[in-house]
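**Student:** run29.cif is reproduced in full below (mmCIF, N, CA and C atoms and all ligand atoms).
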```cif
data_work
#
loop_
_atom_site.label_atom_id
_atom_site.label_comp_id
_atom_site.auth_asym_id
_atom_site.auth_seq_id
_atom_site.Cartn_x
_atom_site.Cartn_y
_atom_site.Cartn_z
N MET A 1 264.65 221.72 67.43
CA MET A 1 263.57 222.54 68.00
C MET A 1 262.51 221.64 68.64
N THR A 2 262.02 222.09 69.75
CA THR A 2 260.98 221.34 70.43
C THR A 2 259.65 222.03 70.20
N LEU A 3 258.63 221.23 69.99
CA LEU A 3 257.29 221.77 69.81
C LEU A 3 256.54 221.65 71.13
N TYR A 4 256.10 222.78 71.64
CA TYR A 4 255.36 222.77 72.90
C TYR A 4 253.89 223.04 72.64
N GLN A 5 253.04 222.36 73.44
CA GLN A 5 251.60 222.55 73.35
C GLN A 5 251.14 223.25 74.62
N ALA A 6 250.54 224.41 74.44
CA ALA A 6 250.03 225.13 75.61
C ALA A 6 248.51 225.08 75.61
N ALA A 7 247.96 224.99 76.80
CA ALA A 7 246.50 225.04 76.92
C ALA A 7 246.13 225.62 78.27
N CYS A 8 245.01 226.31 78.29
CA CYS A 8 244.47 226.79 79.56
C CYS A 8 243.80 225.61 80.28
N HIS A 9 243.31 225.85 81.48
CA HIS A 9 242.74 224.75 82.26
C HIS A 9 241.51 224.14 81.61
N CYS A 10 240.63 224.97 81.08
CA CYS A 10 239.38 224.45 80.50
C CYS A 10 239.56 223.95 79.07
N GLY A 11 240.68 224.29 78.45
CA GLY A 11 240.94 223.81 77.10
C GLY A 11 240.44 224.71 75.99
N ALA A 12 239.83 225.82 76.34
CA ALA A 12 239.33 226.73 75.29
C ALA A 12 240.48 227.36 74.51
N VAL A 13 241.54 227.73 75.24
CA VAL A 13 242.68 228.39 74.60
C VAL A 13 243.80 227.36 74.40
N LYS A 14 244.19 227.17 73.16
CA LYS A 14 245.27 226.22 72.85
C LYS A 14 246.16 226.81 71.79
N TYR A 15 247.47 226.69 72.02
CA TYR A 15 248.40 227.09 70.96
C TYR A 15 249.63 226.20 71.00
N GLN A 16 250.38 226.26 69.91
CA GLN A 16 251.65 225.56 69.80
C GLN A 16 252.74 226.58 69.62
N VAL A 17 253.92 226.24 70.09
CA VAL A 17 255.07 227.13 69.87
C VAL A 17 256.32 226.27 69.80
N GLU A 18 257.22 226.64 68.91
CA GLU A 18 258.42 225.88 68.70
C GLU A 18 259.63 226.67 69.19
N GLY A 19 260.59 225.98 69.78
CA GLY A 19 261.80 226.65 70.22
C GLY A 19 262.49 225.86 71.30
N GLU A 20 263.52 226.46 71.88
CA GLU A 20 264.24 225.83 72.99
C GLU A 20 264.26 226.78 74.17
N PHE A 21 264.08 226.23 75.36
CA PHE A 21 264.17 227.06 76.56
C PHE A 21 265.62 227.48 76.75
N GLU A 22 265.85 228.77 76.78
CA GLU A 22 267.21 229.23 77.05
C GLU A 22 267.23 230.04 78.34
N TYR A 23 266.27 230.94 78.44
CA TYR A 23 266.23 231.82 79.60
C TYR A 23 264.79 231.82 80.12
N LEU A 24 264.62 231.29 81.31
CA LEU A 24 263.30 231.25 81.94
C LEU A 24 263.36 232.07 83.21
N ILE A 25 262.34 232.82 83.47
CA ILE A 25 262.35 233.59 84.71
C ILE A 25 261.10 233.39 85.54
N GLU A 26 261.34 233.47 86.84
CA GLU A 26 260.27 233.56 87.80
C GLU A 26 260.50 234.94 88.44
N CYS A 27 259.50 235.80 88.29
CA CYS A 27 259.67 237.20 88.67
C CYS A 27 258.82 237.51 89.90
N ASN A 28 259.34 238.40 90.73
CA ASN A 28 258.63 238.72 91.98
C ASN A 28 257.83 240.02 91.90
N CYS A 29 257.59 240.54 90.68
CA CYS A 29 256.81 241.79 90.58
C CYS A 29 255.36 241.53 90.98
N SER A 30 254.59 242.60 91.08
CA SER A 30 253.23 242.48 91.62
C SER A 30 252.34 241.54 90.80
N ILE A 31 252.51 241.55 89.49
CA ILE A 31 251.63 240.71 88.67
C ILE A 31 252.15 239.28 88.56
N CYS A 32 253.45 239.12 88.34
CA CYS A 32 254.00 237.76 88.19
C CYS A 32 253.86 236.95 89.47
N SER A 33 254.07 237.59 90.61
CA SER A 33 253.98 236.82 91.85
C SER A 33 252.56 236.34 92.08
N ARG A 34 251.58 237.16 91.71
CA ARG A 34 250.19 236.75 91.90
C ARG A 34 249.72 235.74 90.87
N ARG A 35 250.22 235.88 89.66
CA ARG A 35 249.79 234.96 88.60
C ARG A 35 250.65 233.70 88.53
N ALA A 36 251.72 233.67 89.31
CA ALA A 36 252.62 232.50 89.37
C ALA A 36 253.21 232.13 88.02
N HIS A 37 253.47 233.15 87.21
CA HIS A 37 254.11 232.93 85.91
C HIS A 37 255.49 232.32 86.05
N ILE A 38 255.84 231.44 85.13
CA ILE A 38 257.24 231.19 84.80
C ILE A 38 257.32 231.56 83.34
N LEU A 39 258.13 232.56 83.01
CA LEU A 39 258.08 233.14 81.68
C LEU A 39 259.23 232.71 80.78
N TRP A 40 258.86 232.46 79.56
CA TRP A 40 259.81 232.16 78.47
C TRP A 40 259.54 233.20 77.40
N PHE A 41 260.58 233.95 77.00
CA PHE A 41 260.41 235.06 76.06
C PHE A 41 260.62 234.61 74.62
N VAL A 42 259.59 234.72 73.84
CA VAL A 42 259.65 234.42 72.40
C VAL A 42 258.78 235.46 71.68
N PRO A 43 259.02 235.67 70.41
CA PRO A 43 258.16 236.62 69.68
C PRO A 43 256.71 236.12 69.63
N LEU A 44 255.80 237.05 69.79
CA LEU A 44 254.38 236.69 69.79
C LEU A 44 253.98 235.98 68.49
N ALA A 45 254.64 236.35 67.40
CA ALA A 45 254.32 235.74 66.10
C ALA A 45 254.64 234.25 66.05
N SER A 46 255.41 233.76 67.02
CA SER A 46 255.72 232.32 67.05
C SER A 46 254.55 231.47 67.53
N LEU A 47 253.56 232.11 68.14
CA LEU A 47 252.44 231.34 68.68
C LEU A 47 251.49 230.96 67.55
N GLN A 48 251.17 229.68 67.48
CA GLN A 48 250.21 229.22 66.49
C GLN A 48 248.96 228.76 67.23
N PHE A 49 247.93 229.57 67.14
CA PHE A 49 246.71 229.25 67.87
C PHE A 49 245.93 228.14 67.19
N GLU A 50 245.55 227.19 68.02
CA GLU A 50 244.69 226.11 67.56
C GLU A 50 243.24 226.52 67.85
N SER A 51 243.05 227.17 68.99
CA SER A 51 241.72 227.64 69.36
C SER A 51 241.81 228.70 70.45
N GLY A 52 240.74 229.46 70.57
CA GLY A 52 240.55 230.31 71.73
C GLY A 52 241.24 231.65 71.74
N GLU A 53 241.83 232.07 70.63
CA GLU A 53 242.46 233.40 70.65
C GLU A 53 241.41 234.46 71.01
N ASP A 54 240.19 234.24 70.60
CA ASP A 54 239.09 235.18 70.89
C ASP A 54 238.53 235.02 72.31
N GLN A 55 239.05 234.05 73.07
CA GLN A 55 238.60 233.86 74.45
C GLN A 55 239.53 234.53 75.45
N LEU A 56 240.56 235.20 74.95
CA LEU A 56 241.55 235.80 75.84
C LEU A 56 241.10 237.16 76.35
N THR A 57 241.21 237.35 77.63
CA THR A 57 240.98 238.68 78.20
C THR A 57 242.31 239.42 78.20
N ASN A 58 242.24 240.71 78.37
CA ASN A 58 243.45 241.52 78.38
C ASN A 58 243.43 242.43 79.61
N TYR A 59 244.41 242.24 80.48
CA TYR A 59 244.52 243.07 81.67
C TYR A 59 245.76 243.95 81.55
N LYS A 60 245.55 245.24 81.79
CA LYS A 60 246.66 246.20 81.74
C LYS A 60 246.66 246.99 83.05
N PHE A 61 247.84 247.41 83.44
CA PHE A 61 247.91 248.27 84.63
C PHE A 61 249.16 249.14 84.52
N GLY A 62 249.33 250.02 85.47
CA GLY A 62 250.53 250.86 85.51
C GLY A 62 250.69 251.68 84.25
N LYS A 63 251.81 251.49 83.57
CA LYS A 63 252.07 252.25 82.34
C LYS A 63 251.27 251.72 81.16
N ARG A 64 250.57 250.63 81.36
CA ARG A 64 249.67 250.04 80.36
C ARG A 64 250.37 249.67 79.06
N ARG A 65 251.63 249.34 79.16
CA ARG A 65 252.38 248.93 77.98
C ARG A 65 252.21 247.44 77.72
N LEU A 66 251.96 246.70 78.79
CA LEU A 66 251.90 245.24 78.67
C LEU A 66 250.47 244.73 78.72
N ASN A 67 250.25 243.69 77.95
CA ASN A 67 248.94 243.04 77.89
C ASN A 67 249.07 241.69 78.57
N HIS A 68 248.31 241.51 79.65
CA HIS A 68 248.37 240.25 80.39
C HIS A 68 247.13 239.45 80.00
N ARG A 69 247.36 238.37 79.26
CA ARG A 69 246.26 237.66 78.63
C ARG A 69 245.91 236.38 79.39
N SER A 70 244.62 236.25 79.69
CA SER A 70 244.12 235.07 80.40
C SER A 70 242.90 234.52 79.68
N CYS A 71 242.60 233.27 79.93
CA CYS A 71 241.36 232.69 79.40
C CYS A 71 240.18 233.30 80.14
N GLN A 72 239.19 233.77 79.41
CA GLN A 72 238.04 234.41 80.07
C GLN A 72 237.10 233.40 80.71
N ILE A 73 237.26 232.13 80.39
CA ILE A 73 236.40 231.11 80.99
C ILE A 73 237.01 230.60 82.30
N CYS A 74 238.28 230.17 82.25
CA CYS A 74 238.87 229.52 83.43
C CYS A 74 239.93 230.38 84.13
N SER A 75 240.22 231.56 83.57
CA SER A 75 241.15 232.52 84.19
C SER A 75 242.63 232.13 84.18
N THR A 76 242.98 231.08 83.49
CA THR A 76 244.40 230.70 83.43
C THR A 76 245.20 231.82 82.76
N ALA A 77 246.30 232.21 83.40
CA ALA A 77 247.20 233.24 82.85
C ALA A 77 248.05 232.59 81.77
N MET A 78 247.87 233.02 80.51
CA MET A 78 248.52 232.34 79.39
C MET A 78 249.84 232.99 78.98
N PHE A 79 249.83 234.30 78.76
CA PHE A 79 251.05 234.99 78.34
C PHE A 79 250.87 236.50 78.49
N THR A 80 251.99 237.18 78.37
CA THR A 80 252.04 238.63 78.48
C THR A 80 252.78 239.14 77.25
N HIS A 81 252.30 240.24 76.68
CA HIS A 81 253.04 240.80 75.55
C HIS A 81 252.88 242.31 75.52
N GLY A 82 253.77 242.95 74.83
CA GLY A 82 253.69 244.39 74.72
C GLY A 82 254.97 245.00 74.25
N ASP A 83 254.98 246.29 74.26
CA ASP A 83 256.10 247.05 73.75
C ASP A 83 257.16 247.21 74.84
N ASP A 84 258.32 246.64 74.62
CA ASP A 84 259.41 246.77 75.57
C ASP A 84 260.48 247.65 74.92
N LYS A 85 260.42 248.93 75.19
CA LYS A 85 261.35 249.93 74.62
C LYS A 85 261.46 249.80 73.10
N GLY A 86 260.32 249.78 72.43
CA GLY A 86 260.31 249.76 70.98
C GLY A 86 260.30 248.39 70.33
N THR A 87 260.45 247.35 71.14
CA THR A 87 260.44 245.99 70.58
C THR A 87 259.23 245.24 71.13
N GLU A 88 258.49 244.61 70.24
CA GLU A 88 257.36 243.78 70.67
C GLU A 88 257.94 242.52 71.32
N LYS A 89 257.55 242.31 72.55
CA LYS A 89 258.10 241.20 73.29
C LYS A 89 256.97 240.42 73.94
N SER A 90 257.13 239.13 74.07
CA SER A 90 256.12 238.40 74.81
C SER A 90 256.75 237.34 75.69
N GLY A 91 256.12 237.11 76.80
CA GLY A 91 256.55 236.11 77.76
C GLY A 91 255.43 235.10 77.93
N LEU A 92 255.76 233.84 77.65
CA LEU A 92 254.74 232.80 77.74
C LEU A 92 254.83 232.15 79.11
N ASN A 93 253.69 231.88 79.69
CA ASN A 93 253.66 231.20 80.97
C ASN A 93 253.81 229.70 80.72
N ILE A 94 255.02 229.18 80.95
CA ILE A 94 255.26 227.78 80.60
C ILE A 94 254.54 226.81 81.54
N ARG A 95 253.92 227.32 82.59
CA ARG A 95 253.10 226.43 83.42
C ARG A 95 251.89 225.90 82.63
N THR A 96 251.59 226.54 81.50
CA THR A 96 250.46 226.08 80.69
C THR A 96 250.90 225.05 79.64
N PHE A 97 252.19 224.69 79.63
CA PHE A 97 252.69 223.75 78.61
C PHE A 97 252.48 222.31 79.07
N ALA A 98 252.09 221.48 78.13
CA ALA A 98 251.89 220.05 78.42
C ALA A 98 253.24 219.34 78.44
N ASP A 99 253.33 218.31 79.26
CA ASP A 99 254.46 217.38 79.25
C ASP A 99 255.83 218.01 79.47
N ILE A 100 255.91 218.97 80.36
CA ILE A 100 257.24 219.45 80.75
C ILE A 100 257.38 219.27 82.26
N ASP A 101 258.61 219.03 82.68
CA ASP A 101 258.89 218.86 84.10
C ASP A 101 259.53 220.16 84.61
N ILE A 102 258.71 221.00 85.20
CA ILE A 102 259.18 222.31 85.64
C ILE A 102 260.28 222.19 86.70
N THR A 103 260.22 221.16 87.51
CA THR A 103 261.23 221.01 88.57
C THR A 103 262.62 220.71 88.01
N ALA A 104 262.67 220.26 86.75
CA ALA A 104 263.97 219.92 86.14
C ALA A 104 264.57 221.09 85.37
N LEU A 105 263.87 222.21 85.30
CA LEU A 105 264.33 223.34 84.49
C LEU A 105 265.15 224.33 85.30
N ASP A 106 266.04 225.00 84.61
CA ASP A 106 266.86 226.03 85.22
C ASP A 106 266.10 227.36 85.12
N ILE A 107 265.60 227.83 86.24
CA ILE A 107 264.76 229.03 86.24
C ILE A 107 265.46 230.14 87.02
N THR A 108 265.62 231.27 86.37
CA THR A 108 266.27 232.42 87.00
C THR A 108 265.27 233.20 87.83
N GLN A 109 265.65 233.50 89.06
CA GLN A 109 264.81 234.34 89.90
C GLN A 109 265.08 235.80 89.51
N TYR A 110 264.05 236.47 89.05
CA TYR A 110 264.20 237.82 88.53
C TYR A 110 263.56 238.83 89.48
N ASP A 111 264.33 239.84 89.84
CA ASP A 111 263.86 240.80 90.83
C ASP A 111 263.10 241.95 90.17
N GLY A 112 261.93 241.64 89.61
CA GLY A 112 261.12 242.64 88.93
C GLY A 112 260.50 243.65 89.89
N LYS A 113 260.38 243.25 91.15
CA LYS A 113 259.83 244.12 92.19
C LYS A 113 260.69 245.37 92.39
N ALA A 114 261.98 245.20 92.16
CA ALA A 114 262.93 246.30 92.39
C ALA A 114 262.92 247.33 91.26
N LEU A 115 262.29 247.01 90.13
CA LEU A 115 262.32 247.92 88.98
C LEU A 115 261.41 249.13 89.18
ZN ZN A 201 240.20 228.27 79.78
#
```
How does the structure come out when it is put into structure tokens?

**Tutor:**
Amino acid sequence: MTLYQAACHCGAVKYQVEGEFEYLIECNCSICSRRAHILWFVPLASLQFESGEDQLTNYKFGKRRLNHRSCQICSTAMFTHGDDKGTEKSGLNIRTFADIDITALDITQYDGKAL
């Protein structure tokens, strides 16, 4: 298992998460394309906050099932979570992870716009 360190730009929000990248997506839906997410899906309970959980804003739209969480100080998009057909699911924006080479990762282009 690899331990990843995530942080927003200003450093207020920091968490750790353990796991292996298996399925990463870059989605073209209205929110992902604007926020430039690259998402890795892990249970929200896997996130271990070091700081700043109370600094997260929550943006909802459409069916309002998903919570799009950003740092309220620097606006970095950190992760999205919510109810996906009865299962709590979360997608972490791996662009916030330290010491990873995004260009070396296998990222699936996901057509969320078509949904
Ligand atoms: Zn911040």

**Student:** Compare A:Arg35, A:His68, A:Lys63, A:Lys14 by their minimum atom-to-atom distance to ligand ZN 201 (chain A), counting only N, CA and C atoms and all ligand atoms, and give me the closest one.

**Tutor:**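 That would be A:Lys14, the residue with the smallest distance to ligand ZN 201 (chain A).
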
**Student:** Do you know which residues are at most 7 Å from Leu66 of chain A counting only N, CA and C atoms, after dropping those on the same chain fewer than 6 positions away, and could you put them as a PDB file with N, CA and C atoms, in the coordinates of the input?

**Tutor:**
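Output saved as selection-v1.pdb:
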```
ATOM      1  N   TYR A  59     244.410 242.240  80.480  1.00  0.00           N
ATOM      2  CA  TYR A  59     244.520 243.070  81.670  1.00  0.00           C
ATOM      3  C   TYR A  59     245.760 243.950  81.550  1.00  0.00           C
ATOM      4  N   LYS A  60     245.550 245.240  81.790  1.00  0.00           N
ATOM      5  CA  LYS A  60     246.660 246.200  81.740  1.00  0.00           C
ATOM      6  C   LYS A  60     246.660 246.990  83.050  1.00  0.00           C
ATOM      7  N   THR A  80     251.990 237.180  78.370  1.00  0.00           N
ATOM      8  CA  THR A  80     252.040 238.630  78.480  1.00  0.00           C
ATOM      9  C   THR A  80     252.780 239.140  77.250  1.00  0.00           C
ATOM     10  N   HIS A  81     252.300 240.240  76.680  1.00  0.00           N
ATOM     11  CA  HIS A  81     253.040 240.800  75.550  1.00  0.00           C
ATOM     12  C   HIS A  81     252.880 242.310  75.520  1.00  0.00           C
ATOM     13  N   GLY A  82     253.770 242.950  74.830  1.00  0.00           N
ATOM     14  CA  GLY A  82     253.690 244.390  74.720  1.00  0.00           C
ATOM     15  C   GLY A  82     254.970 245.000  74.250  1.00  0.00           C
ATOM     16  N   ASP A  83     254.980 246.290  74.260  1.00  0.00           N
ATOM     17  CA  ASP A  83     256.100 247.050  73.750  1.00  0.00           C
ATOM     18  C   ASP A  83     257.160 247.210  74.840  1.00  0.00           C
TER      19      ASP A  83
END
```

**Student:** I need the residues of chain A that end up classed as strand (DSSP E) by DSSP on the backbone, written out as a ChimeraX atom specification.

**Tutor:** /A:2-7,14-19,24-27,39-41,48-51,56-59,66-71,77-84,87-93,107-110

**Student:** Run DSSP on the backbone and grab whatever in chain A lands in alpha helix (DSSP H); send it over as a list of chain:residue names.

**Tutor:**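 Those in chain A that DSSP calls alpha helix (DSSP H) are A:Ser30, A:Ile31, A:Cys32, A:Ser33, A:Arg34, A:Arg35.
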
**Student:** Could you give me the residues within 7 Å of ligand ZN 201 (chain A), counting only C-alpha atoms and all ligand atoms, as a PyMOL selection string?

**Tutor:** chain A and resi 8-13+71-76

**Student:** Store the residues picked out above in a file with N, CA and C atoms, as a PDB file, keeping the file's coordinate frame.

**Tutor:**
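result39.pdb, freshly written:
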```
ATOM      1  N   CYS A   8     245.010 226.310  78.290  1.00  0.00           N
ATOM      2  CA  CYS A   8     244.470 226.790  79.560  1.00  0.00           C
ATOM      3  C   CYS A   8     243.800 225.610  80.280  1.00  0.00           C
ATOM      4  N   HIS A   9     243.310 225.850  81.480  1.00  0.00           N
ATOM      5  CA  HIS A   9     242.740 224.750  82.260  1.00  0.00           C
ATOM      6  C   HIS A   9     241.510 224.140  81.610  1.00  0.00           C
ATOM      7  N   CYS A  10     240.630 224.970  81.080  1.00  0.00           N
ATOM      8  CA  CYS A  10     239.380 224.450  80.500  1.00  0.00           C
ATOM      9  C   CYS A  10     239.560 223.950  79.070  1.00  0.00           C
ATOM     10  N   GLY A  11     240.680 224.290  78.450  1.00  0.00           N
ATOM     11  CA  GLY A  11     240.940 223.810  77.100  1.00  0.00           C
ATOM     12  C   GLY A  11     240.440 224.710  75.990  1.00  0.00           C
ATOM     13  N   ALA A  12     239.830 225.820  76.340  1.00  0.00           N
ATOM     14  CA  ALA A  12     239.330 226.730  75.290  1.00  0.00           C
ATOM     15  C   ALA A  12     240.480 227.360  74.510  1.00  0.00           C
ATOM     16  N   VAL A  13     241.540 227.730  75.240  1.00  0.00           N
ATOM     17  CA  VAL A  13     242.680 228.390  74.600  1.00  0.00           C
ATOM     18  C   VAL A  13     243.800 227.360  74.400  1.00  0.00           C
ATOM     19  N   CYS A  71     242.600 233.270  79.930  1.00  0.00           N
ATOM     20  CA  CYS A  71     241.360 232.690  79.400  1.00  0.00           C
ATOM     21  C   CYS A  71     240.180 233.300  80.140  1.00  0.00           C
ATOM     22  N   GLN A  72     239.190 233.770  79.410  1.00  0.00           N
ATOM     23  CA  GLN A  72     238.040 234.410  80.070  1.00  0.00           C
ATOM     24  C   GLN A  72     237.100 233.400  80.710  1.00  0.00           C
ATOM     25  N   ILE A  73     237.260 232.130  80.390  1.00  0.00           N
ATOM     26  CA  ILE A  73     236.400 231.110  80.990  1.00  0.00           C
ATOM     27  C   ILE A  73     237.010 230.600  82.300  1.00  0.00           C
ATOM     28  N   CYS A  74     238.280 230.170  82.250  1.00  0.00           N
ATOM     29  CA  CYS A  74     238.870 229.520  83.430  1.00  0.00           C
ATOM     30  C   CYS A  74     239.930 230.380  84.130  1.00  0.00           C
ATOM     31  N   SER A  75     240.220 231.560  83.570  1.00  0.00           N
ATOM     32  CA  SER A  75     241.150 232.520  84.190  1.00  0.00           C
ATOM     33  C   SER A  75     242.630 232.130  84.180  1.00  0.00           C
ATOM     34  N   THR A  76     242.980 231.080  83.490  1.00  0.00           N
ATOM     35  CA  THR A  76     244.400 230.700  83.430  1.00  0.00           C
ATOM     36  C   THR A  76     245.200 231.820  82.760  1.00  0.00           C
TER      37      THR A  76
END
```

**Student:** How many Å lie between atom CA of Gln55 of chain A and atom CA of Cys27 of chain A, rounded to one decimal?

**Tutor:**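 Atom-to-atom, atom CA of Gln55 of chain A to atom CA of Cys27 of chain A, that is 25.6 Å.
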
**Student:** Which residues come within 6 Å of Ser70 of chain A, counting only C-alpha atoms, excluding same-chain residues fewer than 6 positions away, as a list of chain:residue names?

**Tutor:**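 Answer for this query is A:Leu56, A:Thr57, A:Thr76, A:Ala77, A:Met78.
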
**Student:** Could you write out that same residue set with N, CA and C atoms as an mmCIF file, in the coordinates of the input?

**Tutor:**
```
data_model
loop_
_atom_site.group_PDB
_atom_site.id
_atom_site.type_symbol
_atom_site.label_atom_id
_atom_site.label_comp_id
_atom_site.auth_asym_id
_atom_site.auth_seq_id
_atom_site.Cartn_x
_atom_site.Cartn_y
_atom_site.Cartn_z
ATOM 1 N N LEU A 56 240.560 235.200 74.950
ATOM 2 C CA LEU A 56 241.550 235.800 75.840
ATOM 3 C C LEU A 56 241.100 237.160 76.350
ATOM 4 N N THR A 57 241.210 237.350 77.630
ATOM 5 C CA THR A 57 240.980 238.680 78.200
ATOM 6 C C THR A 57 242.310 239.420 78.200
ATOM 7 N N THR A 76 242.980 231.080 83.490
ATOM 8 C CA THR A 76 244.400 230.700 83.430
ATOM 9 C C THR A 76 245.200 231.820 82.760
ATOM 10 N N ALA A 77 246.300 232.210 83.400
ATOM 11 C CA ALA A 77 247.200 233.240 82.850
ATOM 12 C C ALA A 77 248.050 232.590 81.770
ATOM 13 N N MET A 78 247.870 233.020 80.510
ATOM 14 C CA MET A 78 248.520 232.340 79.390
ATOM 15 C C MET A 78 249.840 232.990 78.980
#
```

**Student:** Give me, as a count of residues only, all polymer residues having an atom no more than 8 Å from Asn93 of chain A, counting only N, CA and C atoms and skipping those fewer than 4 positions away in the same chain.

**Tutor:** 12
